[in-house]
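S.K.: protein-v9.cif is the file, holding mmCIF, C-alpha atoms:
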data_query
loop_
_atom_site.label_atom_id
_atom_site.label_comp_id
_atom_site.auth_asym_id
_atom_site.auth_seq_id
_atom_site.Cartn_x
_atom_site.Cartn_y
_atom_site.Cartn_z
CA HIS X 1 15.81 -26.11 37.64
CA VAL X 2 15.70 -22.36 38.33
CA PRO X 3 12.35 -20.86 37.24
CA GLU X 4 12.57 -18.47 34.31
CA GLY X 5 13.23 -14.88 35.44
CA MET X 6 14.52 -15.76 38.91
CA ASP X 7 18.16 -15.23 37.96
CA GLU X 8 17.57 -11.70 36.63
CA PRO X 9 19.42 -8.93 38.56
CA GLY X 10 17.22 -7.10 41.06
CA VAL X 11 14.28 -9.45 40.55
CA VAL X 12 11.38 -9.47 43.02
CA PHE X 13 8.83 -12.25 43.01
CA ASP X 14 5.66 -13.70 44.46
CA CYS X 15 4.72 -17.38 44.74
CA ALA X 16 1.48 -19.35 44.76
CA HIS X 17 0.40 -22.95 45.14
CA ARG X 18 -2.89 -24.80 45.33
CA ASP X 19 -4.35 -28.25 44.76
CA VAL X 20 -7.05 -27.99 42.08
CA PRO X 21 -9.79 -30.57 41.36
CA TYR X 22 -9.05 -31.34 37.72
CA ASP X 23 -6.39 -33.11 35.70
CA TYR X 24 -2.95 -31.58 35.24
CA SER X 25 -3.58 -31.58 31.48
CA TYR X 26 -6.53 -29.22 32.02
CA LEU X 27 -4.36 -26.98 34.21
CA LEU X 28 -1.70 -26.82 31.48
CA GLU X 29 -4.37 -25.85 28.95
CA ASN X 30 -5.82 -23.22 31.23
CA VAL X 31 -2.56 -21.42 32.01
CA LEU X 32 -1.35 -21.60 28.41
CA ASP X 33 -4.63 -20.15 27.10
CA VAL X 34 -4.14 -16.41 27.57
CA SER X 35 -7.28 -15.56 25.57
CA HIS X 36 -9.66 -16.63 28.35
CA VAL X 37 -8.36 -14.20 30.97
CA SER X 38 -10.38 -11.13 30.01
CA TYR X 39 -13.78 -12.77 30.47
CA THR X 40 -13.29 -15.80 32.76
CA HIS X 41 -11.35 -13.63 35.23
CA HIS X 42 -13.39 -10.46 34.76
CA GLY X 43 -13.20 -8.51 38.00
CA THR X 44 -10.19 -10.36 39.41
CA GLN X 45 -7.40 -9.98 36.85
CA GLY X 46 -9.30 -9.41 33.60
CA ASN X 47 -11.76 -7.02 31.99
CA ARG X 48 -14.39 -8.02 29.43
CA ALA X 49 -14.00 -4.67 27.71
CA MET X 50 -10.40 -5.61 26.83
CA THR X 51 -11.26 -8.85 25.01
CA LYS X 52 -9.46 -9.02 21.67
CA PRO X 53 -8.26 -11.50 19.03
CA PHE X 54 -4.92 -13.24 19.63
CA HIS X 55 -2.32 -14.05 17.00
CA PHE X 56 0.88 -16.10 17.32
CA ASN X 57 4.14 -16.99 15.61
CA GLU X 58 5.76 -20.37 16.26
CA ILE X 59 9.33 -19.56 17.31
CA GLU X 60 10.27 -23.17 18.09
CA PRO X 61 7.87 -25.69 16.51
CA LEU X 62 6.37 -28.50 18.56
CA THR X 63 8.74 -31.35 19.46
CA PRO X 64 8.58 -34.04 22.16
CA SER X 65 10.35 -31.48 24.40
CA GLY X 66 7.71 -28.73 23.99
CA TYR X 67 7.33 -25.53 21.98
CA VAL X 68 7.87 -21.75 22.02
CA ILE X 69 5.38 -19.26 20.55
CA GLU X 70 5.24 -15.49 20.43
CA SER X 71 2.14 -13.27 20.57
CA THR X 72 1.76 -10.83 17.67
CA ASP X 73 -0.66 -8.29 16.30
CA LYS X 74 -2.78 -9.09 13.24
CA ASP X 75 0.12 -8.08 10.98
CA LYS X 76 2.43 -10.57 12.74
CA ASN X 77 4.46 -7.90 14.53
CA PRO X 78 5.70 -9.07 17.97
CA SER X 79 3.60 -7.78 20.88
CA GLY X 80 6.09 -8.51 23.69
CA ARG X 81 4.68 -11.81 25.03
CA MET X 82 6.51 -15.13 24.75
CA SER X 83 4.91 -18.44 25.80
CA VAL X 84 6.98 -21.56 26.47
CA PHE X 85 5.86 -25.14 27.17
CA LYS X 86 8.54 -27.56 28.35
CA ALA X 87 7.37 -31.15 28.54
CA PRO X 88 5.92 -32.68 30.51
CA ASN X 89 4.51 -30.09 32.95
CA TYR X 90 6.35 -26.74 32.88
CA LEU X 91 5.32 -23.50 31.18
CA HIS X 92 5.93 -19.79 31.40
CA HIS X 93 4.76 -16.57 29.83
CA LYS X 94 7.22 -13.70 29.52
CA LEU X 95 5.82 -10.18 29.08
CA ASN X 96 7.99 -7.22 28.16
CA LEU X 97 6.26 -4.12 29.54
CA GLY X 98 8.54 -1.27 28.60
CA SER X 99 11.15 -0.78 31.28
CA PHE X 100 10.35 -3.96 33.17
CA THR X 101 9.59 -7.63 32.47
CA VAL X 102 7.05 -9.94 34.10
CA TRP X 103 6.99 -13.74 34.05
CA VAL X 104 4.19 -16.15 34.88
CA VAL X 105 5.88 -19.46 35.68
CA ALA X 106 3.85 -22.60 36.39
CA TYR X 107 4.62 -26.20 37.28
CA CYS X 108 1.49 -28.33 36.81
CA VAL X 109 2.13 -31.37 39.02
CA PRO X 110 -0.03 -34.50 38.59
CA ILE X 111 -1.32 -36.05 41.80
CA ARG X 112 -3.73 -38.50 40.16
CA PRO X 113 -6.14 -38.28 37.22
CA GLY X 114 -8.57 -35.45 37.98
CA LEU X 115 -6.41 -33.83 40.68
CA CYS X 116 -3.18 -31.82 40.45
CA ARG X 117 -1.11 -29.16 42.18
CA LEU X 118 -0.15 -25.76 40.82
CA LEU X 119 3.25 -24.39 41.83
CA ALA X 120 3.62 -20.87 40.43
CA VAL X 121 6.20 -18.09 40.58
CA PHE X 122 5.70 -14.50 39.37
CA PRO X 123 9.10 -12.78 38.91
CA LEU X 124 9.32 -9.07 38.13
CA ALA X 125 12.57 -7.60 36.79
CA GLY X 126 13.48 -3.98 36.06
CA ALA X 127 11.15 -2.45 38.66
CA SER X 128 12.20 0.82 40.27
CA ASP X 129 13.08 1.01 43.95
CA LYS X 130 9.79 2.81 44.57
CA ILE X 131 7.77 -0.03 43.02
CA LYS X 132 9.77 -2.60 44.98
CA PHE X 133 9.10 -0.67 48.18
CA MET X 134 5.36 -0.52 47.46
CA LEU X 135 5.24 -4.23 46.67
CA GLY X 136 7.07 -4.97 49.90
CA LEU X 137 4.39 -3.19 51.93
CA LYS X 138 1.64 -5.59 50.84
CA PRO X 139 1.28 -8.57 53.19
CA LYS X 140 2.15 -11.77 51.33
CA PHE X 141 -0.98 -13.58 52.50
CA LEU X 142 -3.14 -11.04 50.64
CA GLY X 143 -1.31 -11.95 47.45
CA HIS X 144 -2.10 -15.62 48.13
CA MET X 145 -5.77 -14.78 48.62
CA MET X 146 -5.83 -12.96 45.29
CA ARG X 147 -4.26 -15.95 43.52
CA ASN X 148 -6.85 -18.21 45.13
CA MET X 149 -9.66 -15.99 43.86
CA VAL X 150 -8.29 -16.30 40.32
CA LEU X 151 -8.07 -20.11 40.55
CA GLU X 152 -11.60 -20.30 41.95
CA ASP X 153 -12.81 -18.45 38.84
CA ASP X 154 -11.69 -21.52 36.87
CA ASN X 155 -12.58 -24.32 39.27
CA ILE X 156 -16.23 -24.82 38.35
CA PHE X 157 -15.57 -24.66 34.59
CA LEU X 158 -12.64 -27.05 34.55
CA HIS X 159 -13.83 -29.52 37.18
CA VAL X 160 -17.39 -29.87 35.89
CA GLY X 161 -16.27 -29.71 32.25
CA GLU X 162 -13.75 -32.49 32.78
CA ARG X 163 -16.27 -34.74 34.54
CA THR X 164 -18.88 -34.06 31.85
CA GLN X 165 -16.46 -35.05 29.07
CA LEU X 166 -15.36 -38.18 30.91
CA ALA X 167 -18.98 -39.24 31.42
CA ALA X 168 -19.73 -38.63 27.72
CA GLN X 169 -16.89 -40.95 26.64
CA GLY X 170 -17.91 -43.67 29.10
CA GLY X 171 -15.39 -42.85 31.83
CA ASN X 172 -11.63 -42.57 31.85
CA GLN X 173 -10.16 -45.22 29.56
CA VAL X 174 -7.48 -47.23 31.39
CA THR X 175 -5.16 -49.83 29.84
CA GLN X 176 -2.52 -51.61 31.93
CA GLY X 177 -2.39 -48.83 34.51
CA LYS X 178 -2.25 -46.05 31.90
CA ALA X 179 -5.07 -43.49 31.99
CA SER X 180 -6.01 -41.87 28.70
CA LEU X 181 -7.63 -38.78 30.24
CA PRO X 182 -5.33 -36.20 28.59
CA VAL X 183 -5.66 -37.88 25.17
CA LYS X 184 -9.41 -38.44 24.87
CA HIS X 185 -10.51 -34.94 25.80
CA ALA X 186 -8.32 -33.44 23.05
CA LYS X 187 -10.73 -34.90 20.50
CA ALA X 188 -13.81 -33.60 22.30
CA ASN X 189 -13.06 -29.88 21.90
CA TYR X 190 -13.51 -27.70 18.85
CA LEU X 191 -10.55 -25.32 18.64
CA ALA X 192 -11.50 -23.00 15.83
CA THR X 193 -9.44 -19.82 16.13
CA GLU X 194 -5.81 -18.74 16.07
CA ALA X 195 -6.15 -17.85 19.75
CA ASP X 196 -6.41 -21.62 20.39
CA LEU X 197 -2.91 -22.33 19.04
CA PRO X 198 -1.24 -22.83 22.48
CA VAL X 199 -3.86 -25.44 23.40
CA THR X 200 -3.88 -27.06 19.95
CA LEU X 201 -0.11 -27.60 20.15
CA LEU X 202 -0.48 -29.02 23.66
CA HIS X 203 -3.14 -31.47 22.42
CA ARG X 204 -0.81 -32.64 19.68
CA TRP X 205 1.86 -33.27 22.29
CA PHE X 206 -0.65 -35.27 24.37
CA GLU X 207 -1.62 -37.40 21.39
CA ASP X 208 2.02 -38.15 20.50
CA THR X 209 3.32 -38.72 24.02
CA LEU X 210 0.63 -39.85 26.43
CA PRO X 211 -0.93 -41.76 28.17
CA ILE X 212 1.34 -41.92 31.19
CA PRO X 213 1.57 -44.77 33.71
CA TRP X 214 0.35 -44.28 37.28
CA ALA X 215 1.44 -45.96 40.49
CA PRO X 216 -0.47 -49.12 41.45
CA GLY X 217 -3.49 -48.33 43.61
CA THR X 218 -4.04 -44.84 42.15
CA ASN X 219 -7.67 -43.91 41.59
CA LEU X 220 -7.86 -43.67 37.79
CA HIS X 221 -11.57 -42.88 37.54
CA PRO X 222 -12.19 -39.24 38.58
CA GLU X 223 -15.58 -39.26 36.81
CA ASN X 224 -16.95 -40.95 39.95
CA GLU X 225 -15.95 -37.97 42.12
CA VAL X 226 -17.91 -34.77 41.49
CA PHE X 227 -17.25 -31.90 43.91
CA THR X 228 -19.92 -29.65 45.39
CA ARG X 229 -19.76 -25.86 45.16
CA GLU X 230 -18.41 -25.76 48.74
CA GLN X 231 -15.65 -28.23 47.88
CA LEU X 232 -14.67 -26.26 44.78
CA ASN X 233 -14.33 -23.06 46.85
CA GLU X 234 -12.66 -24.51 49.95
CA ARG X 235 -9.16 -23.22 50.70
CA TRP X 236 -8.08 -24.93 53.92
CA HIS X 237 -7.12 -28.34 52.50
CA SER X 238 -6.14 -27.09 49.05
CA HIS X 239 -3.88 -24.23 50.21
CA THR X 240 -3.90 -22.77 53.73
CA SER X 241 -2.98 -25.93 55.66
CA LYS X 242 0.08 -26.35 53.41
CA CYS X 243 1.18 -22.68 53.42
CA THR X 244 3.43 -21.38 56.21
CA ILE X 245 2.74 -17.74 55.22
CA CYS X 246 -1.04 -18.11 55.44
CA LEU X 247 -0.93 -20.23 58.61
CA ALA X 248 1.16 -17.56 60.35
CA ALA X 249 -1.18 -14.78 59.15
CA LEU X 250 -4.25 -16.75 60.23
CA LYS X 251 -2.87 -17.18 63.74
CA LYS X 252 -2.16 -13.44 64.04
CA ILE X 253 -5.63 -12.53 62.79
CA GLN X 254 -7.27 -14.92 65.25
CA ILE X 255 -5.26 -13.41 68.12
CA ALA X 256 -6.10 -9.88 66.98
CA ARG X 257 -9.79 -10.75 66.75
CA LEU X 258 -9.79 -12.16 70.26
CA ALA X 259 -7.99 -9.08 71.57
CA VAL X 260 -10.51 -6.75 69.88
CA ALA X 261 -13.42 -8.74 71.34
CA VAL X 262 -11.96 -8.56 74.85
CA LEU X 263 -11.27 -4.84 74.45
CA GLY X 264 -14.81 -4.19 73.24
CA VAL X 265 -16.34 -6.04 76.18
CA CYS X 266 -14.09 -4.24 78.66
CA VAL X 267 -15.05 -0.87 77.21
CA ALA X 268 -18.73 -1.75 77.31
CA VAL X 269 -18.51 -2.84 80.97
CA VAL X 270 -16.12 -0.36 82.55
CA GLY X 271 -15.60 2.25 79.86
CA ARG X 272 -18.40 4.49 81.08
CA PHE X 273 -16.86 4.81 84.52
CA VAL X 274 -13.44 5.58 83.03
CA THR X 275 -14.84 8.27 80.76
CA ASP X 276 -16.93 9.64 83.64
CA MET X 277 -13.74 10.28 85.57
CA ALA X 278 -11.94 11.66 82.53
CA LEU X 279 -14.73 14.07 81.57
CA GLY X 280 -15.84 15.02 85.03
CA PHE X 281 -18.57 12.99 86.74
CA PRO X 282 -21.53 13.46 86.70
CA GLU X 283 -21.96 16.50 84.47
CA ASN X 284 -20.78 14.73 81.31
CA ARG X 285 -22.47 11.37 81.90
CA LEU X 286 -24.28 11.45 78.54
CA ALA X 287 -21.09 12.30 76.68
CA SER X 288 -19.14 9.54 78.44
CA SER X 289 -21.87 6.99 77.68
CA LEU X 290 -21.93 7.93 74.00
CA LEU X 291 -18.14 7.79 73.79
CA SER X 292 -18.07 4.37 75.40
CA LEU X 293 -20.83 3.12 73.08
CA ALA X 294 -19.05 4.46 69.99
CA PHE X 295 -15.77 2.79 70.92
CA SER X 296 -17.53 -0.52 71.64
CA GLY X 297 -19.27 -0.27 68.27
CA LEU X 298 -15.94 0.32 66.56
CA CYS X 299 -14.52 -2.76 68.25
CA ALA X 300 -17.52 -4.79 67.07
CA LEU X 301 -17.02 -3.59 63.49
CA VAL X 302 -13.30 -4.44 63.53
CA TRP X 303 -14.10 -7.85 65.08
CA ALA X 304 -16.61 -8.59 62.28
CA LYS X 305 -14.20 -7.50 59.52
CA LEU X 306 -11.40 -9.63 60.98
CA GLY X 307 -13.86 -12.54 61.10
CA GLU X 308 -14.64 -12.08 57.41
CA LEU X 309 -10.92 -12.01 56.64
CA GLU X 310 -10.35 -15.11 58.78
CA SER X 311 -13.03 -17.01 56.86
CA ARG X 312 -11.14 -16.41 53.58
CA PHE X 313 -8.40 -18.75 54.79
CA PHE X 314 -11.00 -21.55 54.78
CA VAL X 315 -13.34 -20.80 51.87
CA GLY X 316 -13.50 -18.41 48.91
CA LYS X 317 -16.31 -15.99 48.10
CA TYR X 318 -19.21 -16.98 45.90
CA PRO X 319 -20.36 -16.03 43.32
CA PRO X 320 -17.21 -15.00 41.41
CA LYS X 321 -16.99 -11.36 40.44
CA ARG X 322 -17.68 -12.09 36.76
CA ASN X 323 -21.15 -13.40 37.73
CA ILE X 324 -22.15 -10.27 39.63
CA VAL X 325 -24.50 -8.15 37.54
CA GLU X 326 -23.05 -4.68 37.14
CA THR X 327 -25.94 -2.22 37.39
CA GLN X 328 -25.74 1.48 36.76
CA LYS X 329 -26.03 3.52 39.94
CA TRP X 330 -29.12 5.71 40.19
CA ILE X 331 -28.36 9.38 39.60
CA PRO X 332 -30.95 12.13 40.20
CA SER X 333 -32.15 13.63 36.92
CA PHE X 334 -30.93 17.12 37.83
CA MET X 335 -27.37 15.75 38.21
CA LYS X 336 -27.25 14.04 34.81
#
For this file, produce the structure as structure tokens.

M.R.:
Amino acid sequence: HVPEGMDEPGVVFDCAHRDVPYDYSYLLENVLDVSHVSYTHHGTQGNRAMTKPFHFNEIEPLTPSGYVIESTDKDKNPSGRMSVFKAPNYLHHKLNLGSFTVWVVAYCVPIRPGLCRLLAVFPLAGASDKIKFMLGLKPKFLGHMMRNMVLEDDNIFLHVGERTQLAAQGGNQVTQGKASLPVKHAKANYLATEADLPVTLLHRWFEDTLPIPWAPGTNLHPENEVFTREQLNERWHSHTSKCTICLAALKKIQIARLAVAVLGVCVAVVGRFVTDMALGFPENRLASSLLSLAFSGLCALVWAKLGELESRFFVGKYPPKRNIVETQKWIPSFMK
């Protein structure tokens, strides 16, 4: 199966993957629900100020194979976004943005109840050569870090919410190796607005199709496994250790950090004597000392920044940007 958008002429694309600590049914809901982006992902890929009502038309009504819906304005005029769910675990959004088209393609792969893997592709078609060139300049590992930040915005909501619902219903209901997790939680949510249509249709599909059988020996009771904040934000096991792009970037950053540390120490130890000779010993001893100190300080700053970047391969930042209080900067009265 070729992901939607990948066979378009001149397409460029980015990929992402991560293991996330909640059921694949929750991941399907989350990616299908476009209305949550503006506030849940405020500061990463959304903006609270852009929150608005969502309206939809059903292009292909729900069947056992999935559904197709189209976003509209309040007067039911198409807005350029198409959302497709193909059973059991594929979806994509297609956005027409004038001269170019963007897709968000996701495969939500079950690992066991309460744990799944996201495989995502983000094709872009119709971009100019200049845009393609600019996109090519950005290191791919930075794109992976950005995708991880977005997923970490969701982790605490979906993981804790899932466990809370399972506990409220007395645990995951299992019959002959079939776990009812995706079915039971559909009845525990109040979906009151038209913006909930993508999730409402998905719930109907769950109720008609699931539960699914699991392999013998699979842990079917995720309610007994509640992750800590550190586990929800960790990146090494959920992404980096499985990603050749990030592993290669991590190795280069570690080598660069070591090189900067060695350079800084060498400058601190012998730099003064080198600059003495370059500037004319001993008349410019103060200038040579200050120059050596400044260069060593620069090395220390670069070393620290590389260390911060290195840490992002292992754990994400906390709190998420949406939780950071945005305060107005103080401005002197005479400047207002």

S.K.: Step by step: start from the point (2.5, -21.7, 20.8) in the file's coordinates, keep every protein, DNA or RNA residue that has an atom no farther than 12 Å from it, count only C-alpha atoms, and write the set as number ranges by chain.

M.R.: X: 29, 32-34, 54-63, 66-72, 81-86, 91-93, 194-205

S.K.: Which is closer to X:Thr40 than all the others in X:Glu8, X:Glu308, X:Asp73, X:Asp153, using all atoms listed in the file?

M.R.: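 Of X:Glu8, X:Glu308, X:Asp73, X:Asp153, the one nearest X:Thr40, counting all atoms listed in the file, is X:Asp153.
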
S.K.: Show me the residues close to (3.6, -12.9, 52.0) - anything with an atom within 9 Å, counting only C-alpha atoms - and format the list as a list in words.

M.R.: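 Here is the list of nearby residues: Asp14, Cys15, Gly136, Lys138, Pro139, Lys140, Phe141, Leu142, Gly143, His144, Ile245, Cys246 and Ala249 of chain X.
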
S.K.: Using all atoms listed in the file, which of X:Leu250, X:Val262, X:Ala268, X:Ala125 sits nearest X:Leu291?

M.R.: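 Checking each of X:Leu250, X:Val262, X:Ala268, X:Ala125 against X:Leu291, counting all atoms listed in the file, the winner is X:Ala268.
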
S.K.: Within 10 Å of X:His42, counting only C-alpha atoms, which residues show up once you throw out same-chain ones fewer than 3 positions away? Write them as a ChimeraX atom specification, please.

M.R.: /X:36-39,45-50,150,153,320-323

S.K.: Counting only C-alpha atoms, figure out which residue out of X:Ala294, X:Ala167, X:Ala256, X:Cys116 gets nearest to X:Glu310.

M.R.: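 So, comparing all the options, the nearest one is X:Ala256.
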
S.K.: Given only C-alpha atoms as the basis, pick out the residue of X:Asn233, X:Thr51, X:Asn224, X:Thr240 nearest to X:Thr164.

M.R.: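 Under the stated criterion, the closest residue is X:Asn224.
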
S.K.: Return the padded bounding box of stretch 43-56 of chain X as lines of an AutoDock Vina configuration file: axis-aligned, built from all atoms listed in the file, 8 Å added on each side, with centre and edge lengths in Å to one decimal.

M.R.:
center_x = -6.8
center_y = -10.4
center_z = 28.2
size_x = 31.3
size_y = 27.4
size_z = 38.4

S.K.: So how many Å separate atom CA of X:Leu301 and atom CA of X:His239, to one decimal?

M.R.: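 About the pair atom CA of X:Leu301 and atom CA of X:His239: they are 27.8 Å apart.
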
S.K.: Compare X:Tyr318, X:Tyr107, X:Phe13, X:Trp214 by their minimum atom-to-atom distance to X:Val31, counting only C-alpha atoms, and give me the closest one.

M.R.: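 Among X:Tyr318, X:Tyr107, X:Phe13, X:Trp214, it is X:Tyr107 that comes nearest to X:Val31.
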
S.K.: What does the structure give for the distance between atom CA of X:Ala248 and atom CA of X:Leu306, in Å to one decimal?

M.R.: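 Straight-line distance from atom CA of X:Ala248 to atom CA of X:Leu306 works out to 14.9 Å.
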